[in-house]
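Data from protein.pdb: PDB, C-alpha atoms
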```
ATOM      1  CA  MET A1486      32.991  45.510  79.982  1.00  0.00           C
ATOM      2  CA  PRO A1487      36.781  45.502  80.439  1.00  0.00           C
ATOM      3  CA  LEU A1488      38.812  45.345  77.256  1.00  0.00           C
ATOM      4  CA  PRO A1489      40.098  41.913  76.395  1.00  0.00           C
ATOM      5  CA  SER A1490      43.692  40.964  77.079  1.00  0.00           C
ATOM      6  CA  ILE A1491      45.031  40.193  73.615  1.00  0.00           C
ATOM      7  CA  PRO A1492      48.732  40.129  72.831  1.00  0.00           C
ATOM      8  CA  GLY A1493      49.732  43.195  70.819  1.00  0.00           C
ATOM      9  CA  TYR A1494      46.350  44.807  71.485  1.00  0.00           C
ATOM     10  CA  ASN A1495      47.922  48.164  72.467  1.00  0.00           C
ATOM     11  CA  ARG A1496      49.647  48.440  69.087  1.00  0.00           C
ATOM     12  CA  LEU A1497      46.271  48.252  67.174  1.00  0.00           C
ATOM     13  CA  THR A1498      44.458  51.307  65.873  1.00  0.00           C
ATOM     14  CA  LYS A1499      41.288  52.440  67.517  1.00  0.00           C
ATOM     15  CA  THR A1500      39.154  50.849  64.778  1.00  0.00           C
ATOM     16  CA  HIS A1501      41.032  47.545  64.957  1.00  0.00           C
ATOM     17  CA  LYS A1502      40.786  47.605  68.732  1.00  0.00           C
ATOM     18  CA  TYR A1503      36.986  47.838  68.571  1.00  0.00           C
ATOM     19  CA  SER A1504      36.903  45.024  66.040  1.00  0.00           C
ATOM     20  CA  ALA A1505      39.105  42.820  68.206  1.00  0.00           C
ATOM     21  CA  ALA A1506      37.033  43.636  71.234  1.00  0.00           C
ATOM     22  CA  GLY A1507      33.886  42.679  69.375  1.00  0.00           C
ATOM     23  CA  ILE A1508      35.364  39.366  68.307  1.00  0.00           C
ATOM     24  CA  ALA A1509      36.425  38.569  71.850  1.00  0.00           C
ATOM     25  CA  ALA A1510      33.042  39.540  73.241  1.00  0.00           C
ATOM     26  CA  ALA A1511      31.297  37.364  70.679  1.00  0.00           C
ATOM     27  CA  GLY A1512      33.513  34.400  71.636  1.00  0.00           C
ATOM     28  CA  ALA A1513      32.778  34.905  75.327  1.00  0.00           C
ATOM     29  CA  ALA A1514      29.064  35.080  74.635  1.00  0.00           C
ATOM     30  CA  ALA A1515      29.179  31.836  72.686  1.00  0.00           C
ATOM     31  CA  ILE A1516      31.002  30.120  75.523  1.00  0.00           C
ATOM     32  CA  ALA A1517      28.541  31.461  78.086  1.00  0.00           C
ATOM     33  CA  PHE A1518      25.578  30.381  75.939  1.00  0.00           C
ATOM     34  CA  ALA A1519      26.866  26.804  75.735  1.00  0.00           C
ATOM     35  CA  VAL A1520      26.998  26.469  79.529  1.00  0.00           C
ATOM     36  CA  VAL A1521      23.901  25.071  81.179  1.00  0.00           C
ATOM     37  CA  PRO A1522      22.177  27.668  83.461  1.00  0.00           C
ATOM     38  CA  GLY A1523      23.255  27.235  87.063  1.00  0.00           C
ATOM     39  CA  GLY A1524      26.977  27.576  86.456  1.00  0.00           C
ATOM     40  CA  ASP A1525      27.764  23.945  85.485  1.00  0.00           C
ATOM     41  CA  ALA A1526      30.225  24.465  82.696  1.00  0.00           C
ATOM     42  CA  GLY A1527      30.818  20.759  82.333  1.00  0.00           C
ATOM     43  CA  ALA A1528      27.140  19.909  81.595  1.00  0.00           C
ATOM     44  CA  LYS A1529      26.165  18.741  78.069  1.00  0.00           C
ATOM     45  CA  THR A1530      23.306  20.229  76.064  1.00  0.00           C
ATOM     46  CA  THR A1531      20.341  18.139  74.989  1.00  0.00           C
ATOM     47  CA  ALA A1532      18.056  18.314  71.969  1.00  0.00           C
ATOM     48  CA  GLN A1533      15.500  20.186  74.066  1.00  0.00           C
ATOM     49  CA  ASP A1534      18.141  22.837  74.957  1.00  0.00           C
ATOM     50  CA  LEU A1535      18.842  23.567  71.248  1.00  0.00           C
ATOM     51  CA  PRO A1536      17.098  26.573  69.686  1.00  0.00           C
ATOM     52  CA  ASN A1537      14.157  26.064  67.266  1.00  0.00           C
ATOM     53  CA  LYS A1538      15.828  27.795  64.298  1.00  0.00           C
ATOM     54  CA  PRO A1539      17.648  24.680  62.944  1.00  0.00           C
ATOM     55  CA  VAL A1540      14.337  22.795  63.022  1.00  0.00           C
ATOM     56  CA  ALA A1541      12.756  25.529  60.964  1.00  0.00           C
ATOM     57  CA  LEU A1542      15.554  25.247  58.434  1.00  0.00           C
ATOM     58  CA  THR A1543      15.019  21.480  58.235  1.00  0.00           C
ATOM     59  CA  SER A1544      11.293  21.977  57.555  1.00  0.00           C
ATOM     60  CA  GLN A1545      12.019  24.459  54.792  1.00  0.00           C
ATOM     61  CA  LYS A1546      14.438  21.972  53.253  1.00  0.00           C
ATOM     62  CA  ALA A1547      11.786  19.244  53.346  1.00  0.00           C
ATOM     63  CA  ASP A1548       9.287  21.616  51.727  1.00  0.00           C
ATOM     64  CA  ALA A1549      11.817  22.482  49.052  1.00  0.00           C
ATOM     65  CA  GLN A1550      12.505  18.765  48.453  1.00  0.00           C
ATOM     66  CA  ALA A1551       8.774  18.031  48.209  1.00  0.00           C
ATOM     67  CA  HIS A1552       8.324  20.933  45.831  1.00  0.00           C
ATOM     68  CA  HIS A1553      11.218  19.660  43.726  1.00  0.00           C
ATOM     69  CA  GLU A1554       9.763  16.163  43.637  1.00  0.00           C
ATOM     70  CA  ALA A1555       6.369  17.576  42.655  1.00  0.00           C
ATOM     71  CA  LEU A1556       7.989  19.489  39.826  1.00  0.00           C
ATOM     72  CA  VAL A1557       9.814  16.332  38.673  1.00  0.00           C
ATOM     73  CA  LYS A1558       6.569  14.352  38.713  1.00  0.00           C
ATOM     74  CA  GLN A1559       4.746  17.129  36.895  1.00  0.00           C
ATOM     75  CA  SER A1560       7.524  17.258  34.271  1.00  0.00           C
ATOM     76  CA  ALA A1561       7.422  13.454  33.860  1.00  0.00           C
ATOM     77  CA  LEU A1562       3.638  13.564  33.491  1.00  0.00           C
ATOM     78  CA  ALA A1563       3.920  16.348  30.919  1.00  0.00           C
ATOM     79  CA  ASP A1564       6.535  14.331  29.004  1.00  0.00           C
ATOM     80  CA  LYS A1565       4.279  11.260  29.092  1.00  0.00           C
ATOM     81  CA  GLN A1566       1.301  13.248  27.856  1.00  0.00           C
ATOM     82  CA  ALA A1567       3.433  14.802  25.111  1.00  0.00           C
ATOM     83  CA  LYS A1568       4.639  11.348  24.013  1.00  0.00           C
ATOM     84  CA  GLU A1569       1.086   9.983  24.040  1.00  0.00           C
ATOM     85  CA  GLU A1570      -0.138  12.938  21.993  1.00  0.00           C
ATOM     86  CA  ALA A1571       2.754  12.476  19.546  1.00  0.00           C
ATOM     87  CA  ALA A1572       1.942   8.747  19.265  1.00  0.00           C
ATOM     88  CA  GLU A1573      -1.737   9.525  18.648  1.00  0.00           C
ATOM     89  CA  LYS A1574      -0.828  12.078  15.978  1.00  0.00           C
ATOM     90  CA  LYS A1575       1.542   9.601  14.329  1.00  0.00           C
ATOM     91  CA  ALA A1576      -1.119   6.865  14.369  1.00  0.00           C
ATOM     92  CA  ALA A1577      -3.692   9.266  12.938  1.00  0.00           C
ATOM     93  CA  ALA A1578      -1.255  10.333  10.206  1.00  0.00           C
ATOM     94  CA  GLU A1579      -0.480   6.704   9.324  1.00  0.00           C
ATOM     95  CA  ALA A1580      -4.193   5.839   9.259  1.00  0.00           C
ATOM     96  CA  ALA A1581      -4.890   8.814   6.996  1.00  0.00           C
ATOM     97  CA  LYS A1582      -1.996   7.801   4.742  1.00  0.00           C
ATOM     98  CA  LYS A1583      -3.260   4.213   4.580  1.00  0.00           C
ATOM     99  CA  LYS A1584      -6.789   5.361   3.819  1.00  0.00           C
ATOM    100  CA  ALA A1585      -5.517   7.673   1.086  1.00  0.00           C
ATOM    101  CA  ALA A1586      -3.494   4.811  -0.413  1.00  0.00           C
ATOM    102  CA  GLU A1587      -6.545   2.519  -0.352  1.00  0.00           C
ATOM    103  CA  GLU A1588      -8.725   5.163  -1.972  1.00  0.00           C
ATOM    104  CA  ALA A1589      -6.052   5.774  -4.616  1.00  0.00           C
ATOM    105  CA  ALA A1590      -5.847   2.012  -5.284  1.00  0.00           C
ATOM    106  CA  LYS A1591      -9.642   1.775  -5.587  1.00  0.00           C
ATOM    107  CA  LYS A1592      -9.703   4.746  -7.917  1.00  0.00           C
ATOM    108  CA  LYS A1593      -6.938   3.244 -10.055  1.00  0.00           C
ATOM    109  CA  ALA A1594      -8.734  -0.119 -10.180  1.00  0.00           C
ATOM    110  CA  ALA A1595     -11.974   1.593 -11.180  1.00  0.00           C
ATOM    111  CA  GLU A1596     -10.191   3.563 -13.892  1.00  0.00           C
ATOM    112  CA  GLU A1597      -8.505   0.414 -15.200  1.00  0.00           C
ATOM    113  CA  ALA A1598     -11.830  -1.453 -15.196  1.00  0.00           C
ATOM    114  CA  ALA A1599     -13.489   1.423 -17.041  1.00  0.00           C
ATOM    115  CA  ALA A1600     -10.637   1.535 -19.552  1.00  0.00           C
ATOM    116  CA  ALA A1601     -10.854  -2.240 -20.077  1.00  0.00           C
ATOM    117  CA  LYS A1602     -14.613  -2.014 -20.538  1.00  0.00           C
ATOM    118  CA  ALA A1603     -14.209   0.845 -23.006  1.00  0.00           C
ATOM    119  CA  ALA A1604     -11.536  -1.103 -24.900  1.00  0.00           C
ATOM    120  CA  GLU A1605     -13.780  -4.169 -25.002  1.00  0.00           C
ATOM    121  CA  ALA A1606     -16.705  -2.096 -26.257  1.00  0.00           C
ATOM    122  CA  LYS A1607     -14.462  -0.536 -28.895  1.00  0.00           C
ATOM    123  CA  ALA A1608     -13.186  -3.950 -29.993  1.00  0.00           C
ATOM    124  CA  ALA A1609     -16.747  -5.297 -30.166  1.00  0.00           C
ATOM    125  CA  LYS A1610     -17.789  -2.307 -32.240  1.00  0.00           C
ATOM    126  CA  GLU A1611     -14.853  -2.807 -34.575  1.00  0.00           C
ATOM    127  CA  ARG A1612     -15.670  -6.514 -34.928  1.00  0.00           C
ATOM    128  CA  ALA A1613     -19.293  -5.694 -35.675  1.00  0.00           C
ATOM    129  CA  ALA A1614     -18.191  -3.145 -38.273  1.00  0.00           C
ATOM    130  CA  LYS A1615     -15.852  -5.677 -39.886  1.00  0.00           C
ATOM    131  CA  GLN A1616     -18.552  -8.336 -39.920  1.00  0.00           C
ATOM    132  CA  ALA A1617     -21.026  -5.905 -41.436  1.00  0.00           C
ATOM    133  CA  ALA A1618     -18.476  -4.925 -44.063  1.00  0.00           C
ATOM    134  CA  SER A1619     -17.763  -8.598 -44.744  1.00  0.00           C
ATOM    135  CA  ARG A1620     -21.462  -9.362 -45.140  1.00  0.00           C
ATOM    136  CA  SER A1621     -21.866  -6.372 -47.388  1.00  0.00           C
ATOM    137  CA  ALA A1622     -18.921  -7.489 -49.505  1.00  0.00           C
ATOM    138  CA  ALA A1623     -20.320 -11.019 -49.654  1.00  0.00           C
ATOM    139  CA  ARG A1624     -23.665  -9.698 -50.855  1.00  0.00           C
ATOM    140  CA  ILE A1625     -21.973  -7.610 -53.515  1.00  0.00           C
ATOM    141  CA  GLU A1626     -19.868 -10.564 -54.580  1.00  0.00           C
ATOM    142  CA  THR A1627     -22.942 -12.813 -54.677  1.00  0.00           C
ATOM    143  CA  VAL A1628     -24.749 -10.336 -56.899  1.00  0.00           C
ATOM    144  CA  ALA A1629     -21.713 -10.160 -59.158  1.00  0.00           C
ATOM    145  CA  ASP A1630     -21.423 -13.937 -59.193  1.00  0.00           C
ATOM    146  CA  THR A1631     -25.001 -14.335 -60.427  1.00  0.00           C
ATOM    147  CA  LYS A1632     -23.762 -13.042 -63.770  1.00  0.00           C
ATOM    148  CA  LYS A1633     -21.078 -15.725 -63.960  1.00  0.00           C
ATOM    149  CA  THR A1634     -21.511 -18.752 -66.148  1.00  0.00           C
ATOM    150  CA  TYR A1635     -20.152 -22.213 -65.454  1.00  0.00           C
ATOM    151  CA  PRO A1636     -19.494 -25.119 -67.787  1.00  0.00           C
ATOM    152  CA  ASP A1637     -21.936 -27.993 -67.496  1.00  0.00           C
ATOM    153  CA  ASN A1638     -19.419 -30.532 -66.234  1.00  0.00           C
ATOM    154  CA  LEU A1639     -17.877 -31.695 -62.967  1.00  0.00           C
ATOM    155  CA  ASP A1640     -15.439 -28.767 -62.857  1.00  0.00           C
ATOM    156  CA  GLY A1641     -18.247 -26.228 -63.467  1.00  0.00           C
ATOM    157  CA  TRP A1642     -20.549 -27.854 -60.890  1.00  0.00           C
ATOM    158  CA  ILE A1643     -17.877 -27.770 -58.213  1.00  0.00           C
ATOM    159  CA  ARG A1644     -16.934 -24.160 -58.947  1.00  0.00           C
ATOM    160  CA  GLU A1645     -20.545 -22.984 -58.926  1.00  0.00           C
ATOM    161  CA  SER A1646     -21.137 -24.814 -55.646  1.00  0.00           C
ATOM    162  CA  LEU A1647     -18.029 -23.217 -54.136  1.00  0.00           C
ATOM    163  CA  ASP A1648     -19.284 -19.725 -55.032  1.00  0.00           C
ATOM    164  CA  ILE A1649     -22.646 -20.436 -53.393  1.00  0.00           C
ATOM    165  CA  MET A1650     -20.936 -21.948 -50.346  1.00  0.00           C
ATOM    166  CA  LYS A1651     -18.711 -18.907 -50.014  1.00  0.00           C
ATOM    167  CA  ALA A1652     -21.714 -16.602 -50.039  1.00  0.00           C
ATOM    168  CA  LYS A1653     -23.439 -18.732 -47.387  1.00  0.00           C
ATOM    169  CA  GLY A1654     -20.361 -19.167 -45.180  1.00  0.00           C
ATOM    170  CA  ILE A1655     -20.045 -22.935 -45.802  1.00  0.00           C
ATOM    171  CA  PRO A1656     -16.407 -24.144 -45.691  1.00  0.00           C
ATOM    172  CA  GLY A1657     -14.840 -26.455 -48.253  1.00  0.00           C
ATOM    173  CA  SER A1658     -12.236 -26.584 -50.999  1.00  0.00           C
ATOM    174  CA  TYR A1659     -12.198 -27.693 -54.597  1.00  0.00           C
ATOM    175  CA  GLN A1660      -9.823 -30.551 -53.801  1.00  0.00           C
ATOM    176  CA  GLY A1661     -11.868 -31.819 -50.861  1.00  0.00           C
ATOM    177  CA  ILE A1662     -15.108 -31.818 -52.853  1.00  0.00           C
ATOM    178  CA  HIS A1663     -13.544 -33.392 -55.934  1.00  0.00           C
ATOM    179  CA  ARG A1664     -11.878 -36.166 -53.904  1.00  0.00           C
ATOM    180  CA  ASN A1665     -15.135 -37.175 -52.213  1.00  0.00           C
ATOM    181  CA  ILE A1666     -17.178 -37.002 -55.436  1.00  0.00           C
ATOM    182  CA  ILE A1667     -14.831 -39.400 -57.185  1.00  0.00           C
ATOM    183  CA  ARG A1668     -14.998 -41.830 -54.252  1.00  0.00           C
ATOM    184  CA  GLU A1669     -18.776 -41.626 -53.816  1.00  0.00           C
ATOM    185  CA  SER A1670     -20.089 -41.505 -57.394  1.00  0.00           C
ATOM    186  CA  GLY A1671     -17.171 -41.434 -59.814  1.00  0.00           C
ATOM    187  CA  GLY A1672     -18.477 -38.041 -60.996  1.00  0.00           C
ATOM    188  CA  ASN A1673     -21.892 -39.349 -62.138  1.00  0.00           C
ATOM    189  CA  PRO A1674     -24.676 -36.943 -61.020  1.00  0.00           C
ATOM    190  CA  ARG A1675     -27.324 -39.686 -61.595  1.00  0.00           C
ATOM    191  CA  ALA A1676     -25.597 -42.261 -59.407  1.00  0.00           C
ATOM    192  CA  ILE A1677     -27.773 -44.107 -56.830  1.00  0.00           C
ATOM    193  CA  ASN A1678     -26.951 -46.775 -54.266  1.00  0.00           C
ATOM    194  CA  LEU A1679     -29.536 -49.560 -54.198  1.00  0.00           C
ATOM    195  CA  TRP A1680     -27.711 -52.138 -52.059  1.00  0.00           C
ATOM    196  CA  ASP A1681     -26.495 -50.523 -48.799  1.00  0.00           C
ATOM    197  CA  ILE A1682     -28.354 -50.138 -45.495  1.00  0.00           C
ATOM    198  CA  ASN A1683     -29.888 -46.842 -46.597  1.00  0.00           C
ATOM    199  CA  ALA A1684     -31.353 -48.499 -49.656  1.00  0.00           C
ATOM    200  CA  ARG A1685     -32.757 -51.368 -47.530  1.00  0.00           C
ATOM    201  CA  ASN A1686     -34.323 -48.684 -45.303  1.00  0.00           C
ATOM    202  CA  GLY A1687     -35.984 -47.083 -48.320  1.00  0.00           C
ATOM    203  CA  VAL A1688     -33.784 -43.984 -48.484  1.00  0.00           C
ATOM    204  CA  PRO A1689     -31.070 -44.724 -51.042  1.00  0.00           C
ATOM    205  CA  SER A1690     -28.083 -42.408 -51.453  1.00  0.00           C
ATOM    206  CA  LYS A1691     -28.250 -40.254 -54.608  1.00  0.00           C
ATOM    207  CA  GLY A1692     -26.176 -37.883 -56.724  1.00  0.00           C
ATOM    208  CA  LEU A1693     -22.539 -36.851 -56.899  1.00  0.00           C
ATOM    209  CA  LEU A1694     -21.961 -37.025 -53.145  1.00  0.00           C
ATOM    210  CA  GLN A1695     -24.529 -39.748 -52.411  1.00  0.00           C
ATOM    211  CA  VAL A1696     -26.914 -37.844 -50.170  1.00  0.00           C
ATOM    212  CA  ILE A1697     -30.031 -39.523 -48.736  1.00  0.00           C
ATOM    213  CA  ALA A1698     -33.347 -37.688 -48.975  1.00  0.00           C
ATOM    214  CA  PRO A1699     -33.698 -36.686 -45.261  1.00  0.00           C
ATOM    215  CA  THR A1700     -30.155 -35.244 -45.224  1.00  0.00           C
ATOM    216  CA  PHE A1701     -30.711 -33.410 -48.498  1.00  0.00           C
ATOM    217  CA  LYS A1702     -33.953 -31.905 -47.170  1.00  0.00           C
ATOM    218  CA  THR A1703     -32.380 -30.842 -43.819  1.00  0.00           C
ATOM    219  CA  TYR A1704     -29.208 -29.337 -45.290  1.00  0.00           C
ATOM    220  CA  HIS A1705     -30.613 -28.005 -48.561  1.00  0.00           C
ATOM    221  CA  VAL A1706     -29.071 -24.615 -49.412  1.00  0.00           C
ATOM    222  CA  GLU A1707     -31.450 -21.823 -50.335  1.00  0.00           C
ATOM    223  CA  GLY A1708     -31.127 -20.735 -53.968  1.00  0.00           C
ATOM    224  CA  THR A1709     -30.360 -24.223 -55.301  1.00  0.00           C
ATOM    225  CA  SER A1710     -32.671 -26.821 -56.805  1.00  0.00           C
ATOM    226  CA  TRP A1711     -34.719 -29.195 -54.672  1.00  0.00           C
ATOM    227  CA  ASP A1712     -33.814 -32.037 -57.004  1.00  0.00           C
ATOM    228  CA  PRO A1713     -31.309 -34.275 -55.169  1.00  0.00           C
ATOM    229  CA  TYR A1714     -29.824 -35.291 -58.510  1.00  0.00           C
ATOM    230  CA  ASP A1715     -29.046 -31.687 -59.429  1.00  0.00           C
ATOM    231  CA  PRO A1716     -25.211 -31.538 -59.307  1.00  0.00           C
ATOM    232  CA  VAL A1717     -24.924 -28.084 -57.688  1.00  0.00           C
ATOM    233  CA  ALA A1718     -27.776 -28.673 -55.189  1.00  0.00           C
ATOM    234  CA  ASN A1719     -26.350 -32.099 -54.290  1.00  0.00           C
ATOM    235  CA  ILE A1720     -22.823 -30.761 -53.726  1.00  0.00           C
ATOM    236  CA  THR A1721     -23.872 -27.730 -51.647  1.00  0.00           C
ATOM    237  CA  ALA A1722     -26.276 -29.750 -49.470  1.00  0.00           C
ATOM    238  CA  ALA A1723     -23.628 -32.450 -48.882  1.00  0.00           C
ATOM    239  CA  CYS A1724     -20.983 -29.823 -48.001  1.00  0.00           C
ATOM    240  CA  ASN A1725     -23.417 -28.063 -45.651  1.00  0.00           C
ATOM    241  CA  TYR A1726     -24.007 -31.393 -43.864  1.00  0.00           C
ATOM    242  CA  ALA A1727     -20.261 -32.181 -43.718  1.00  0.00           C
ATOM    243  CA  ALA A1728     -19.542 -28.721 -42.291  1.00  0.00           C
ATOM    244  CA  ALA A1729     -22.100 -29.248 -39.509  1.00  0.00           C
ATOM    245  CA  ARG A1730     -20.841 -32.731 -38.614  1.00  0.00           C
ATOM    246  CA  TYR A1731     -17.135 -32.748 -39.500  1.00  0.00           C
ATOM    247  CA  GLY A1732     -16.213 -29.061 -39.822  1.00  0.00           C
ATOM    248  CA  SER A1733     -15.734 -29.241 -43.589  1.00  0.00           C
ATOM    249  CA  MET A1734     -15.987 -31.626 -46.520  1.00  0.00           C
ATOM    250  CA  ASP A1735     -12.173 -31.430 -46.544  1.00  0.00           C
ATOM    251  CA  ASN A1736     -12.204 -33.477 -43.313  1.00  0.00           C
ATOM    252  CA  VAL A1737     -14.188 -36.337 -44.902  1.00  0.00           C
ATOM    253  CA  ASN A1738     -12.045 -39.194 -46.173  1.00  0.00           C
ATOM    254  CA  GLY A1739     -14.508 -42.061 -46.239  1.00  0.00           C
ATOM    255  CA  PRO A1740     -18.209 -42.883 -45.909  1.00  0.00           C
ATOM    256  CA  TYR A1741     -19.976 -40.116 -44.036  1.00  0.00           C
TER     257      TYR A1741
END
```
With the file now loaded, output its structure as structure tokens.
Amino acid sequence: MPLPSIPGYNRLTKTHKYSAAGIAAAGAAAIAFAVVPGGDAGAKTTAQDLPNKPVALTSQKADAQAHHEALVKQSALADKQAKEEAAEKKAAAEAAKKKAAEEAAKKKAAEEAAAAKAAEAKAAKERAAKQAASRSAARIETVADTKKTYPDNLDGWIRESLDIMKAKGIPGSYQGIHRNIIRESGGNPRAINLWDINARNGVPSKGLLQVIAPTFKTYHVEGTSWDPYDPVANITAACNYAAARYGSMDNVNGPY
């Protein structure tokens, strides 16, 4: 192949000359390659005339794009799975926390109920002890009171009745008893009513507090006489009846 005609070529070194020659040869080859076989330099190339190498490059690019898209999808799927797993763990943790709170609340309620029950039992025991002590004291006082003496008059009868009533748990006061005695009998233990409805029915009212026989029998207080005219027996029976019906003889302010 003749050396190319390049301006200033003769002034180049041997190495540069070979390089320039190579460049020129490569350009000539490219020009010759672009010409359609047969010598028609003006003909245009078609897609069929192009080499297969660019097509191969396009296929590799498509494969790379598909691979990239697969990786993106795989990453998105992994992210979704990770989020779902995190959500499940969070839900499980919240459920466990809720269950623990419920169990703690149940335990606290049970402990409070047990404490309340224990307190109630303790209070009941204390009340029973106090009542037993009160009964014991009442018995001691009753025994001591049996040695007491009372004058044989209205004051003595009322006081003796009050001591018996106290021992038996019957309410009433000196003033309440005295007030009703004066109204009912004027303080006469042998008083009897022979004109009211009770008398017409055959059960006249008798004694200091004018008690009829059925009432005296029903509300008689153990330890007193069965004689309705007995001052102490009459007072205690009448006060026992008044306590059952009115709460106390103190609440009686008229016929009863």
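If you measure from each of A:Ala1585, A:Met1734, A:Ala1599, A:Leu1694 to A:Met1650 using all atoms listed in the file, the closest one turns out to be A:Met1734.
Counting only C-alpha atoms and comparing A:Ala1598, A:Leu1556, A:Leu1693, A:Ile1655, the residue that lies closest to A:Asn1673 is A:Leu1693.
Across the structure, atom CA of A:Thr1700 and atom CA of A:Ser1733 are spaced 15.7 Å apart.
Comparing A:Tyr1714, A:Tyr1659, A:Tyr1741, A:Tyr1635 by their smallest distance to A:Tyr1726, the closest is A:Tyr1741 (using all atoms listed in the file).
Between atom CA of A:Arg1675 and atom CA of A:Val1688 the interatomic distance comes to 15.2 Å.
Distance-wise, atom CA of A:Asp1735 and atom CA of A:Lys1632 end up 27.7 Å apart.
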So which residues get picked by the PyMOL selection byres ((chain A and resi 1722) around 7) here, written as an MDAnalysis selection string? chainID A and resid 1701 1704:1706 1718:1721 1723:1726
Export, as a compact mmCIF listing (two decimals), in the frame of the given file, the selected residues with C-alpha atoms.
```txt
# COMPACT_ATOMS: atom_id res chain seq x y z
CA PHE A 1701 -30.71 -33.41 -48.50
CA TYR A 1704 -29.21 -29.34 -45.29
CA HIS A 1705 -30.61 -28.00 -48.56
CA VAL A 1706 -29.07 -24.62 -49.41
CA ALA A 1718 -27.78 -28.67 -55.19
CA ASN A 1719 -26.35 -32.10 -54.29
CA ILE A 1720 -22.82 -30.76 -53.73
CA THR A 1721 -23.87 -27.73 -51.65
CA ALA A 1723 -23.63 -32.45 -48.88
CA CYS A 1724 -20.98 -29.82 -48.00
CA ASN A 1725 -23.42 -28.06 -45.65
CA TYR A 1726 -24.01 -31.39 -43.86
```
Quick one: residues within 12 Å of A:Ile1667, only C-alpha atoms counted, chain neighbours fewer than 4 positions away excluded, as a ChimeraX atom specification? /A:1639,1660-1663,1671-1674,1676,1692-1695,1738-1739
Result set, the PyMOL selection byres ((chain A and resi 1689) around 12) on current file, as an MDAnalysis selection string: chainID A and resid 1676:1688 1690:1692 1695:1701 1713
Size and centre in Å, one decimal, axis-aligned box, all listed stretch 1674-1691 of chain A atoms plus 3 Å per side, as lines of an AutoDock Vina configuration file:
```
center_x = -30.3
center_y = -44.5
center_z = -53.4
size_x = 17.3
size_y = 21.2
size_z = 22.3
```
Assuming the input is short of atoms at stretch 1591-1605 of chain A, produce N, CA and C atoms for that part as a PDB file, in the coordinates of the input.
```pdb
ATOM      1  N   LYS A1591      -8.275   2.008  -5.093  1.00  0.00           N
ATOM      2  CA  LYS A1591      -9.642   1.775  -5.587  1.00  0.00           C
ATOM      3  C   LYS A1591      -9.928   2.613  -6.828  1.00  0.00           C
ATOM      4  N   LYS A1592      -9.487   3.854  -6.783  1.00  0.00           N
ATOM      5  CA  LYS A1592      -9.703   4.746  -7.917  1.00  0.00           C
ATOM      6  C   LYS A1592      -8.973   4.230  -9.156  1.00  0.00           C
ATOM      7  N   LYS A1593      -7.725   3.771  -8.939  1.00  0.00           N
ATOM      8  CA  LYS A1593      -6.938   3.244 -10.055  1.00  0.00           C
ATOM      9  C   LYS A1593      -7.598   1.992 -10.630  1.00  0.00           C
ATOM     10  N   ALA A1594      -8.077   1.107  -9.734  1.00  0.00           N
ATOM     11  CA  ALA A1594      -8.734  -0.119 -10.180  1.00  0.00           C
ATOM     12  C   ALA A1594     -10.006   0.209 -10.976  1.00  0.00           C
ATOM     13  N   ALA A1595     -10.754   1.191 -10.483  1.00  0.00           N
ATOM     14  CA  ALA A1595     -11.974   1.593 -11.180  1.00  0.00           C
ATOM     15  C   ALA A1595     -11.646   2.176 -12.557  1.00  0.00           C
ATOM     16  N   GLU A1596     -10.599   2.985 -12.606  1.00  0.00           N
ATOM     17  CA  GLU A1596     -10.191   3.563 -13.892  1.00  0.00           C
ATOM     18  C   GLU A1596      -9.726   2.488 -14.864  1.00  0.00           C
ATOM     19  N   GLU A1597      -8.966   1.507 -14.343  1.00  0.00           N
ATOM     20  CA  GLU A1597      -8.505   0.414 -15.200  1.00  0.00           C
ATOM     21  C   GLU A1597      -9.677  -0.422 -15.698  1.00  0.00           C
ATOM     22  N   ALA A1598     -10.653  -0.686 -14.799  1.00  0.00           N
ATOM     23  CA  ALA A1598     -11.830  -1.453 -15.196  1.00  0.00           C
ATOM     24  C   ALA A1598     -12.627  -0.696 -16.264  1.00  0.00           C
ATOM     25  N   ALA A1599     -12.765   0.608 -16.060  1.00  0.00           N
ATOM     26  CA  ALA A1599     -13.489   1.423 -17.041  1.00  0.00           C
ATOM     27  C   ALA A1599     -12.757   1.440 -18.381  1.00  0.00           C
ATOM     28  N   ALA A1600     -11.428   1.537 -18.316  1.00  0.00           N
ATOM     29  CA  ALA A1600     -10.637   1.535 -19.552  1.00  0.00           C
ATOM     30  C   ALA A1600     -10.762   0.199 -20.272  1.00  0.00           C
ATOM     31  N   ALA A1601     -10.723  -0.912 -19.480  1.00  0.00           N
ATOM     32  CA  ALA A1601     -10.854  -2.240 -20.077  1.00  0.00           C
ATOM     33  C   ALA A1601     -12.234  -2.412 -20.710  1.00  0.00           C
ATOM     34  N   LYS A1602     -13.253  -1.920 -20.011  1.00  0.00           N
ATOM     35  CA  LYS A1602     -14.613  -2.014 -20.538  1.00  0.00           C
ATOM     36  C   LYS A1602     -14.756  -1.200 -21.819  1.00  0.00           C
ATOM     37  N   ALA A1603     -14.159  -0.002 -21.813  1.00  0.00           N
ATOM     38  CA  ALA A1603     -14.209   0.845 -23.006  1.00  0.00           C
ATOM     39  C   ALA A1603     -13.469   0.186 -24.167  1.00  0.00           C
ATOM     40  N   ALA A1604     -12.305  -0.426 -23.855  1.00  0.00           N
ATOM     41  CA  ALA A1604     -11.536  -1.103 -24.900  1.00  0.00           C
ATOM     42  C   ALA A1604     -12.311  -2.290 -25.462  1.00  0.00           C
ATOM     43  N   GLU A1605     -12.981  -3.020 -24.558  1.00  0.00           N
ATOM     44  CA  GLU A1605     -13.780  -4.169 -25.002  1.00  0.00           C
ATOM     45  C   GLU A1605     -14.941  -3.713 -25.880  1.00  0.00           C
TER      46      GLU A1605
END
```
